[in-house]
file my_file05.tsv (TSV, C-alpha atoms)
chain	number	residue	atom	x	y	z
R	1	GLY	CA	32.41	19.89	-0.07
R	2	THR	CA	33.30	23.41	-1.18
R	3	GLU	CA	36.62	24.79	-2.42
R	4	SER	CA	37.63	25.61	1.16
R	5	ARG	CA	35.64	23.11	3.23
R	6	GLY	CA	36.39	19.57	2.21
R	7	VAL	CA	34.23	16.52	2.86
R	8	ASP	CA	35.48	13.01	3.67
R	9	LEU	CA	34.29	10.47	1.11
R	10	PRO	CA	35.08	6.77	0.68
R	11	HIS	CA	36.58	5.50	-2.59
R	12	VAL	CA	33.67	4.22	-4.71
R	13	ASN	CA	33.69	3.40	-8.44
R	14	GLN	CA	30.85	3.75	-10.94
R	15	ASN	CA	29.51	0.36	-9.87
R	16	PHE	CA	29.32	1.49	-6.20
R	17	GLU	CA	32.16	-0.88	-5.27
R	18	THR	CA	34.86	0.46	-2.95
R	19	ASN	CA	38.61	-0.10	-3.25
R	20	ALA	CA	38.01	-3.08	-0.93
R	21	LYS	CA	36.71	-5.55	-3.49
R	22	GLY	CA	33.34	-6.98	-2.51
R	23	ILE	CA	32.33	-4.06	-0.27
R	24	PHE	CA	29.81	-1.72	-1.87
R	25	ILE	CA	28.43	1.64	-0.72
R	26	ALA	CA	25.10	3.23	-1.65
R	27	GLY	CA	23.33	6.38	-0.52
R	28	GLU	CA	24.40	9.20	1.76
R	29	LEU	CA	27.71	7.66	2.85
R	30	GLY	CA	28.95	7.85	-0.74
R	31	GLY	CA	27.91	11.49	-1.10
R	32	MET	CA	24.32	11.12	-2.39
R	33	GLY	CA	21.91	12.20	0.32
R	34	LEU	CA	18.58	12.58	-1.50
R	35	ILE	CA	16.13	9.79	-0.74
R	36	LYS	CA	15.27	9.18	-4.41
R	37	ASN	CA	18.97	8.93	-5.35
R	38	SER	CA	19.65	6.59	-2.43
R	39	ILE	CA	16.81	4.28	-3.48
R	40	GLU	CA	18.16	4.14	-7.02
R	41	GLN	CA	21.70	3.45	-5.82
R	42	GLY	CA	20.64	0.64	-3.48
R	43	GLN	CA	19.00	-1.19	-6.37
R	44	GLN	CA	21.87	-0.50	-8.77
R	45	ALA	CA	24.49	-1.73	-6.31
R	46	ILE	CA	22.73	-5.11	-6.03
R	47	GLU	CA	22.44	-5.36	-9.82
R	48	ASN	CA	26.17	-4.67	-10.15
R	49	MET	CA	26.94	-7.45	-7.65
R	50	ILE	CA	24.96	-9.87	-9.82
R	51	LYS	CA	27.07	-8.96	-12.84
R	52	LEU	CA	30.23	-10.01	-10.98
R	53	LYS	CA	28.78	-13.56	-10.86
R	54	LYS	CA	30.43	-14.70	-7.66
R	55	PRO	CA	29.02	-18.24	-7.14
R	56	SER	CA	26.64	-18.95	-4.26
R	57	ARG	CA	27.90	-21.38	-1.64
R	58	GLU	CA	26.23	-23.32	1.14
R	59	ASN	CA	26.03	-21.46	4.48
R	60	ILE	CA	27.35	-18.29	2.85
R	61	LEU	CA	25.00	-15.40	2.14
R	62	ASP	CA	25.16	-13.58	-1.16
R	63	VAL	CA	25.09	-10.19	0.57
R	64	VAL	CA	24.86	-8.59	4.01
R	65	ILE	CA	23.11	-5.22	3.80
R	66	ILE	CA	24.04	-2.84	6.60
R	67	GLY	CA	21.49	-0.11	7.18
R	68	ALA	CA	17.72	-0.01	6.60
R	69	GLY	CA	17.36	3.54	5.36
R	70	PRO	CA	16.30	4.36	1.77
R	71	ALA	CA	19.34	2.71	0.12
R	72	GLY	CA	19.28	-0.32	2.40
R	73	ILE	CA	15.55	-0.95	1.97
R	74	SER	CA	15.84	-0.63	-1.80
R	75	ALA	CA	18.80	-3.04	-1.83
R	76	THR	CA	16.89	-5.50	0.38
R	77	LEU	CA	13.93	-5.49	-2.00
R	78	ALA	CA	16.24	-5.82	-5.02
R	79	SER	CA	17.97	-8.81	-3.39
R	80	LYS	CA	14.62	-10.52	-2.91
R	81	LYS	CA	13.61	-9.69	-6.47
R	82	HIS	CA	16.80	-11.30	-7.86
R	83	GLU	CA	16.58	-14.27	-5.45
R	84	LEU	CA	19.80	-13.48	-3.61
R	85	SER	CA	20.29	-14.78	-0.10
R	86	SER	CA	20.70	-11.79	2.18
R	87	VAL	CA	20.24	-10.29	5.62
R	88	THR	CA	19.61	-6.63	6.46
R	89	LEU	CA	20.96	-5.23	9.72
R	90	GLU	CA	19.85	-1.87	11.18
R	91	GLN	CA	21.32	-0.40	14.36
R	92	ASP	CA	18.13	1.57	15.08
R	93	SER	CA	14.72	1.27	13.43
R	94	LEU	CA	13.38	0.63	9.92
R	95	GLY	CA	13.85	3.77	7.88
R	96	GLY	CA	17.20	4.74	9.40
R	97	THR	CA	17.54	8.51	9.54
R	98	VAL	CA	14.10	8.93	7.94
R	99	PHE	CA	12.55	7.31	11.06
R	100	THR	CA	13.92	10.14	13.21
R	101	PHE	CA	12.31	12.90	11.13
R	102	PRO	CA	9.25	14.69	12.55
R	103	ARG	CA	6.04	12.88	11.64
R	104	SER	CA	4.67	15.45	9.18
R	105	LYS	CA	7.98	16.29	7.50
R	106	LEU	CA	7.89	16.12	3.69
R	107	VAL	CA	10.63	13.73	2.59
R	108	MET	CA	10.02	13.31	-1.15
R	109	THR	CA	8.57	15.55	-3.84
R	110	SER	CA	8.97	13.40	-6.94
R	111	PRO	CA	8.08	9.83	-8.06
R	112	MET	CA	10.49	6.92	-7.66
R	113	ASP	CA	10.88	3.28	-8.67
R	114	LEU	CA	10.88	0.80	-5.79
R	115	PRO	CA	11.97	-2.83	-6.37
R	116	LEU	CA	9.12	-5.37	-6.12
R	117	TYR	CA	6.62	-2.48	-6.12
R	118	GLY	CA	7.24	-0.43	-9.24
R	119	LYS	CA	6.56	3.24	-9.82
R	120	VAL	CA	5.68	5.15	-6.66
R	121	LYS	CA	3.52	8.07	-7.78
R	122	LEU	CA	3.32	9.87	-4.45
R	123	HIS	CA	4.06	13.61	-4.49
R	124	ASP	CA	4.83	15.74	-1.42
R	125	THR	CA	5.29	12.50	0.50
R	126	SER	CA	5.45	12.71	4.29
R	127	LYS	CA	7.65	10.60	6.52
R	128	ASP	CA	4.64	8.54	7.69
R	129	GLU	CA	3.50	7.83	4.12
R	130	LEU	CA	6.95	6.67	3.06
R	131	LEU	CA	7.46	4.42	6.10
R	132	ALA	CA	3.98	2.93	5.60
R	133	LEU	CA	4.81	2.14	1.97
R	134	TRP	CA	8.11	0.49	2.92
R	135	ASN	CA	6.43	-1.58	5.63
R	136	LYS	CA	3.69	-2.67	3.23
R	137	VAL	CA	6.14	-3.92	0.59
R	138	ILE	CA	8.37	-5.62	3.18
R	139	GLU	CA	5.41	-7.44	4.77
R	140	GLN	CA	3.96	-8.48	1.41
R	141	HIS	CA	7.21	-10.16	0.45
R	142	GLU	CA	7.92	-11.62	3.92
R	143	ILE	CA	11.21	-9.78	4.33
R	144	GLU	CA	12.80	-9.50	7.77
R	145	ILE	CA	14.82	-6.47	8.81
R	146	LYS	CA	16.92	-7.13	11.91
R	147	GLU	CA	16.52	-3.90	13.87
R	148	ASN	CA	18.57	-2.79	16.88
R	149	THR	CA	21.49	-4.78	15.49
R	150	LYS	CA	24.71	-2.82	15.17
R	151	VAL	CA	27.59	-4.09	13.07
R	152	GLU	CA	30.81	-3.99	15.07
R	153	SER	CA	33.22	-5.06	12.33
R	154	ILE	CA	33.60	-6.36	8.78
R	155	ILE	CA	36.46	-8.84	8.47
R	156	PRO	CA	37.76	-9.90	5.02
R	157	LEU	CA	38.45	-13.64	4.93
R	158	PRO	CA	41.09	-15.51	2.84
R	159	ASP	CA	38.46	-17.09	0.54
R	160	ASP	CA	37.22	-13.64	-0.64
R	161	THR	CA	34.21	-13.68	1.68
R	162	PHE	CA	33.47	-11.42	4.65
R	163	LYS	CA	32.65	-12.06	8.28
R	164	VAL	CA	30.21	-9.46	9.64
R	165	VAL	CA	30.20	-9.30	13.44
R	166	THR	CA	27.27	-7.70	15.31
R	167	ASN	CA	26.72	-6.39	18.84
R	168	THR	CA	24.34	-9.30	19.52
R	169	GLY	CA	27.19	-11.80	19.08
R	170	LYS	CA	25.68	-13.09	15.83
R	171	GLU	CA	28.11	-13.41	12.91
R	172	TYR	CA	27.33	-13.63	9.19
R	173	ILE	CA	29.53	-14.88	6.34
R	174	SER	CA	28.78	-13.39	2.92
R	175	ASN	CA	30.16	-12.95	-0.58
R	176	TYR	CA	29.42	-9.21	-0.58
R	177	VAL	CA	28.70	-6.42	1.87
R	178	LEU	CA	26.60	-3.34	1.05
R	179	LEU	CA	27.06	-0.34	3.34
R	180	ALA	CA	23.98	1.86	3.38
R	181	ILE	CA	24.54	3.43	6.78
R	182	GLY	CA	24.55	7.16	6.04
R	183	ARG	CA	27.32	9.52	7.06
R	184	ARG	CA	26.35	9.92	10.70
R	185	GLY	CA	27.57	6.78	12.36
R	186	SER	CA	26.75	8.30	15.75
R	187	PRO	CA	25.61	11.75	16.90
R	188	ARG	CA	28.39	14.22	17.70
R	189	LYS	CA	28.43	15.00	21.40
R	190	LEU	CA	29.45	18.27	23.04
R	191	ASN	CA	31.22	16.56	25.95
R	192	VAL	CA	29.84	18.96	28.54
R	193	PRO	CA	28.96	18.08	32.17
R	194	GLY	CA	25.50	16.56	32.46
R	195	GLU	CA	25.25	15.50	28.81
R	196	ASP	CA	24.52	11.93	29.90
R	197	SER	CA	21.30	13.11	31.59
R	198	GLN	CA	18.02	11.48	30.56
R	199	LYS	CA	16.66	14.90	29.60
R	200	VAL	CA	19.19	15.14	26.73
R	201	SER	CA	18.37	13.78	23.27
R	202	TYR	CA	19.96	13.92	19.79
R	203	ARG	CA	16.77	13.47	17.78
R	204	LEU	CA	13.18	14.67	18.07
R	205	LEU	CA	10.40	12.09	17.99
R	206	GLU	CA	6.68	12.89	18.26
R	207	PRO	CA	6.99	16.62	19.04
R	208	GLU	CA	3.20	16.88	19.31
R	209	ARG	CA	3.40	15.03	22.64
R	210	ILE	CA	5.70	17.61	24.21
R	211	SER	CA	4.06	20.64	25.83
R	212	GLY	CA	4.60	23.08	28.68
R	213	LYS	CA	8.37	22.52	28.73
R	214	LYS	CA	11.35	24.86	28.81
R	215	ILE	CA	13.48	23.51	25.96
R	216	LEU	CA	17.00	24.25	24.77
R	217	ILE	CA	17.93	23.30	21.22
R	218	VAL	CA	21.62	23.38	20.32
R	219	GLY	CA	22.57	23.79	16.67
R	220	GLY	CA	22.06	25.96	13.63
R	221	GLY	CA	21.32	23.48	10.85
R	222	ASP	CA	18.03	22.41	9.31
R	223	SER	CA	17.39	19.72	11.94
R	224	ALA	CA	17.80	22.23	14.77
R	225	VAL	CA	15.63	24.99	13.32
R	226	GLU	CA	12.93	22.58	12.14
R	227	SER	CA	12.76	21.03	15.61
R	228	ALA	CA	12.61	24.45	17.25
R	229	MET	CA	9.70	25.49	15.05
R	230	LEU	CA	7.82	22.24	15.72
R	231	LEU	CA	8.12	22.76	19.49
R	232	MET	CA	7.56	26.51	19.78
R	233	GLU	CA	3.74	26.54	19.82
R	234	ASN	CA	3.36	24.55	23.04
R	235	ASN	CA	6.71	25.16	24.75
R	236	GLU	CA	9.25	27.84	25.63
R	237	VAL	CA	12.08	27.28	23.14
R	238	ILE	CA	15.60	28.68	23.20
R	239	LEU	CA	17.87	28.04	20.21
R	240	SER	CA	21.60	28.21	20.98
R	241	TYR	CA	24.04	28.46	18.06
R	242	ARG	CA	27.80	28.91	18.25
R	243	LYS	CA	27.98	31.18	15.18
R	244	ASP	CA	26.61	34.70	14.64
R	245	LYS	CA	24.05	33.66	12.00
R	246	PHE	CA	22.58	30.62	10.29
R	247	ALA	CA	24.99	29.49	7.59
R	248	ARG	CA	23.67	26.50	5.62
R	249	ILE	CA	19.92	26.09	6.02
R	250	LYS	CA	17.21	25.80	3.38
R	251	PRO	CA	15.71	29.12	2.22
R	252	LYS	CA	12.23	28.22	3.51
R	253	ASN	CA	13.66	27.32	6.91
R	254	ARG	CA	15.63	30.57	7.01
R	255	GLU	CA	12.49	32.58	6.27
R	256	SER	CA	10.40	30.70	8.85
R	257	ILE	CA	12.95	30.77	11.67
R	258	THR	CA	13.63	34.48	11.12
R	259	GLU	CA	9.90	35.17	11.39
R	260	ALA	CA	9.67	33.05	14.56
R	261	ILE	CA	12.58	34.91	16.17
R	262	ASP	CA	11.22	38.33	15.19
R	263	SER	CA	7.80	37.44	16.67
R	264	LYS	CA	9.53	36.17	19.84
R	265	SER	CA	8.04	32.69	19.38
R	266	ILE	CA	11.63	31.44	19.74
R	267	GLU	CA	14.55	33.01	21.57
R	268	ALA	CA	17.77	32.68	19.60
R	269	ILE	CA	21.12	33.07	21.36
R	270	PHE	CA	23.87	33.38	18.76
R	271	ASN	CA	27.63	33.19	19.47
R	272	SER	CA	26.84	30.90	22.39
R	273	ASN	CA	28.04	27.56	23.71
R	274	LEU	CA	26.37	25.17	26.10
R	275	LYS	CA	28.64	24.73	29.14
R	276	SER	CA	26.74	22.39	31.47
R	277	ILE	CA	23.42	20.61	31.96
R	278	ASN	CA	21.77	20.28	35.37
R	279	ASP	CA	18.50	18.70	36.53
R	280	LYS	CA	16.47	21.92	36.33
R	281	SER	CA	18.75	24.31	34.46
R	282	ILE	CA	21.47	24.72	31.87
R	283	MET	CA	24.47	27.06	31.68
R	284	ILE	CA	25.32	28.93	28.47
R	285	LYS	CA	28.33	31.13	27.70
R	286	VAL	CA	27.84	33.96	25.19
R	287	ASP	CA	31.03	35.19	23.52
R	288	ASN	CA	30.71	38.89	24.36
R	289	GLU	CA	29.41	38.37	27.91
R	290	GLU	CA	31.67	38.08	30.92
R	291	ASN	CA	29.41	35.82	32.97
R	292	THR	CA	27.76	32.52	32.11
R	293	ARG	CA	23.97	32.52	31.90
R	294	THR	CA	21.97	30.09	34.01
R	295	ILE	CA	18.58	29.28	32.44
R	296	GLU	CA	15.70	27.16	33.74
R	297	ASN	CA	15.35	24.06	31.60
R	298	ASP	CA	13.40	20.81	31.26
R	299	LEU	CA	14.72	19.29	28.02
R	300	VAL	CA	17.83	19.61	25.84
R	301	TYR	CA	18.06	18.62	22.17
R	302	ILE	CA	21.52	18.61	20.60
R	303	PHE	CA	21.85	18.76	16.80
R	304	ALA	CA	25.60	19.06	16.33
R	305	GLY	CA	25.81	16.71	13.38
R	306	GLY	CA	27.21	13.22	13.33
R	307	GLU	CA	30.60	11.60	13.26
R	308	MET	CA	31.33	9.75	10.07
R	309	PRO	CA	32.25	6.12	10.81
R	310	THR	CA	35.76	6.59	9.40
R	311	SER	CA	37.52	4.14	11.71
R	312	PHE	CA	34.88	1.46	11.06
R	313	LEU	CA	35.35	1.84	7.30
R	314	GLN	CA	39.14	1.91	7.40
R	315	LYS	CA	39.30	-1.26	9.51
R	316	ALA	CA	37.31	-2.98	6.74
R	317	GLY	CA	39.89	-1.75	4.20
R	318	VAL	CA	37.87	1.12	2.69
R	319	GLU	CA	39.98	4.17	1.87
R	320	ILE	CA	38.73	7.66	2.79
R	321	THR	CA	39.79	10.86	1.02
R	322	LYS	CA	38.90	14.48	1.72
R	323	ARG	CA	37.33	15.88	-1.45
R	324	PHE	CA	36.98	19.56	-2.29
R	325	GLY	CA	34.25	20.92	-4.53
R	326	HIS	CA	34.88	23.20	-7.46
R	327	ILE	CA	32.92	25.93	-9.17
R	328	VAL	CA	31.95	25.53	-12.82
R	329	ARG	CA	31.84	28.92	-14.50
R	330	LYS	CA	29.88	29.53	-17.71
R	331	TYR	CA	30.97	32.27	-20.05

call {"tool": "encode", "arguments": {"input": "my_file05.tsv", "output": "structure tokens"}}
result
Amino acid sequence: GTESRGVDLPHVNQNFETNAKGIFIAGELGGMGLIKNSIEQGQQAIENMIKLKKPSRENILDVVIIGAGPAGISATLASKKHELSSVTLEQDSLGGTVFTFPRSKLVMTSPMDLPLYGKVKLHDTSKDELLALWNKVIEQHEIEIKENTKVESIIPLPDDTFKVVTNTGKEYISNYVLLAIGRRGSPRKLNVPGEDSQKVSYRLLEPERISGKKILIVGGGDSAVESAMLLMENNEVILSYRKDKFARIKPKNRESITEAIDSKSIEAIFNSNLKSINDKSIMIKVDNEENTRTIENDLVYIFAGGEMPTSFLQKAGVEITKRFGHIVRKY
């Protein structure tokens, strides 16, 4: 968060434990989004649980790990390393948010330590390389990740354990819970007519398979501009953004998207809002135009961010506070 734009963060102490004793948070949800940091935190959170020395009991897991992104995978491997009984639940696929990145996207540029594997010396690591490494270590150590399993609720029990309820009807009782779910519990929707159409998506998978399409991309962040640039060579791409310029994108992305717009490889419509989605067209309203534009369209990708799972956390007893950044001045 900045001085003027706060960010909601859960209460987490130096051991990654929340105000709700026994519930830990690692990775992006706690404010650390970098993959390397998330991997370190996942391992450290498990090691801090061990220090608390809560005794193991029959039919009660030591820990339920929610999320199989960088922090969740690291925590899963650390649990196996320290012989803790655990289960890892992922609402989508192994890798979490990393799985949704374009195939060739660079996701790491520095070495890391991975539990049960050791030093990972890969540099300029792509998404595919990182997922392959994770799969290799998980298979070698016979670890199961329960994919497509969404946690509906975490219920504290009187004996200081937790009941974790999933959408499959399966319930788990554990001494600890580690939340490694990221900040985007679910994609933010625009709530416009036609948004439930099958031609609408909130993530881009395998862009190399998409060609000859008229595509609208909604958003002005890194995900939106990166997706637009991946699709522009083989498709007609329009980028719609509600503001008058890109605000918070990486310098390299800013340079590349500006070049693409100047060369007319991508059409950018600033100060615009998507109004409706139809089978073969979309309707966009531009602020300074009286009439709404109707544009031929085959596919729509919406990158409007995600909604932090605040209600889910609060029901489990985790407190959320809006934090504001500050500027450190050197004299």

call {"tool": "atom_distance", "arguments": {"input": "my_file05.tsv", "atom1": "CA of Val225 in chain R", "atom2": "CA of Lys189 in chain R"}}
result
18.1 Å

call {"tool": "atom_distance", "arguments": {"input": "my_file05.tsv", "atom1": "CA of Ile50 in chain R", "atom2": "CA of Ile138 in chain R"}}
result
21.5 Å

call {"tool": "residues_around", "arguments": {"input": "my_file05.tsv", "residues": "Tyr176 in chain R", "least_positions_apart": "2", "cutoff": "6 Å", "atoms": "all atoms listed in the file", "output": "list in words"}}
result
Gly22, Ile23, Val63 and Ser174 of chain R

call {"tool": "atom_distance", "arguments": {"input": "my_file05.tsv", "atom1": "CA of Glu290 in chain R", "atom2": "CA of Asp244 in chain R"}}
result
17.4 Å

call {"tool": "closest_atom_pairs", "arguments": {"input": "my_file05.tsv", "of": "range 274-300 of chain R", "to": "range 234-238 of chain R", "cutoff": "10 Å", "atoms": "only C-alpha atoms", "output": "Markdown table"}}
result
| residue | atom | partner | partner_atom | distance |
| --- | --- | --- | --- | --- |
| R:Ile295 | CA | R:Ile238 | CA | 9.7 |
| R:Asn297 | CA | R:Glu236 | CA | 9.3 |
| R:Asp298 | CA | R:Glu236 | CA | 9.9 |
| R:Leu299 | CA | R:Val237 | CA | 9.7 |
| R:Val300 | CA | R:Ile238 | CA | 9.7 |

call {"tool": "closest_residue", "arguments": {"input": "my_file05.tsv", "among": "R:Lys285, R:Arg242, R:Lys51, R:Lys315", "to": "His82 in chain R", "atoms": "only C-alpha atoms"}}
result
R:Lys51

call {"tool": "closest_residue", "arguments": {"input": "my_file05.tsv", "among": "R:Ala78, R:Leu313, R:Ile282, R:Val151", "to": "Leu216 in chain R", "atoms": "all atoms listed in the file"}}
result
R:Ile282

call {"tool": "residues_around", "arguments": {"input": "my_file05.tsv", "residues": "Asn148 in chain R", "least_positions_apart": "2", "cutoff": "9 Å", "atoms": "all atoms listed in the file", "output": "PyMOL selection string"}}
result
chain R and resi 89-93+146+150

call {"tool": "closest_residue", "arguments": {"input": "my_file05.tsv", "among": "R:Ser153, R:Asn19, R:Gln44, R:Ser85", "to": "Pro309 in chain R", "atoms": "only C-alpha atoms"}}
result
R:Ser153

call {"tool": "closest_residue", "arguments": {"input": "my_file05.tsv", "among": "R:Ile277, R:Leu178, R:Ile302, R:Leu61", "to": "Ser227 in chain R", "atoms": "all atoms listed in the file"}}
result
R:Ile302

call {"tool": "closest_residue", "arguments": {"input": "my_file05.tsv", "among": "R:Asn278, R:Ser263, R:Ser223, R:Ser201", "to": "Tyr301 in chain R", "atoms": "all atoms listed in the file"}}
result
R:Ser201

call {"tool": "axis_aligned_box", "arguments": {"input": "my_file05.tsv", "around": "range 54-58 of chain R", "padding_each_side": "3 Å", "output": "AutoDock Vina command-line options"}}
result
--center_x 28.3 --center_y -19.0 --center_z -3.3 --size_x 10.2 --size_y 14.6 --size_z 14.8

call {"tool": "residues_around", "arguments": {"input": "my_file05.tsv", "residues": "Ala68 in chain R", "least_positions_apart": "3", "cutoff": "12 Å", "atoms": "only C-alpha atoms", "output": "MDAnalysis selection string"}}
result
chainID R and resid 26:27 38:39 42 64:65 71:77 87:99 131 134:135 138 143:150 178:182

call {"tool": "residues_around", "arguments": {"input": "my_file05.tsv", "residues": "Ile154 in chain R", "least_positions_apart": "5", "cutoff": "8 Å", "atoms": "all atoms listed in the file", "output": "tab-separated table (two decimals) with C-alpha atoms, in the frame of the given file"}}
result
chain	number	residue	atom	x	y	z
R	162	PHE	CA	33.47	-11.42	4.65
R	163	LYS	CA	32.65	-12.06	8.28
R	164	VAL	CA	30.21	-9.46	9.64
R	165	VAL	CA	30.20	-9.30	13.44
R	315	LYS	CA	39.30	-1.26	9.51
R	316	ALA	CA	37.31	-2.98	6.74

call {"tool": "closest_residue", "arguments": {"input": "my_file05.tsv", "among": "R:Leu204, R:Glu233, R:Lys243, R:Asn191", "to": "Ser265 in chain R", "atoms": "only C-alpha atoms"}}
result
R:Glu233

call {"tool": "residues_around", "arguments": {"input": "my_file05.tsv", "residues": "Asp222 in chain R", "least_positions_apart": "2", "cutoff": "8 Å", "atoms": "only C-alpha atoms", "output": "list in words"}}
result
Gly220, Ala224, Val225, Glu226, Arg248, Ile249, Lys250 and Asn253 of chain R
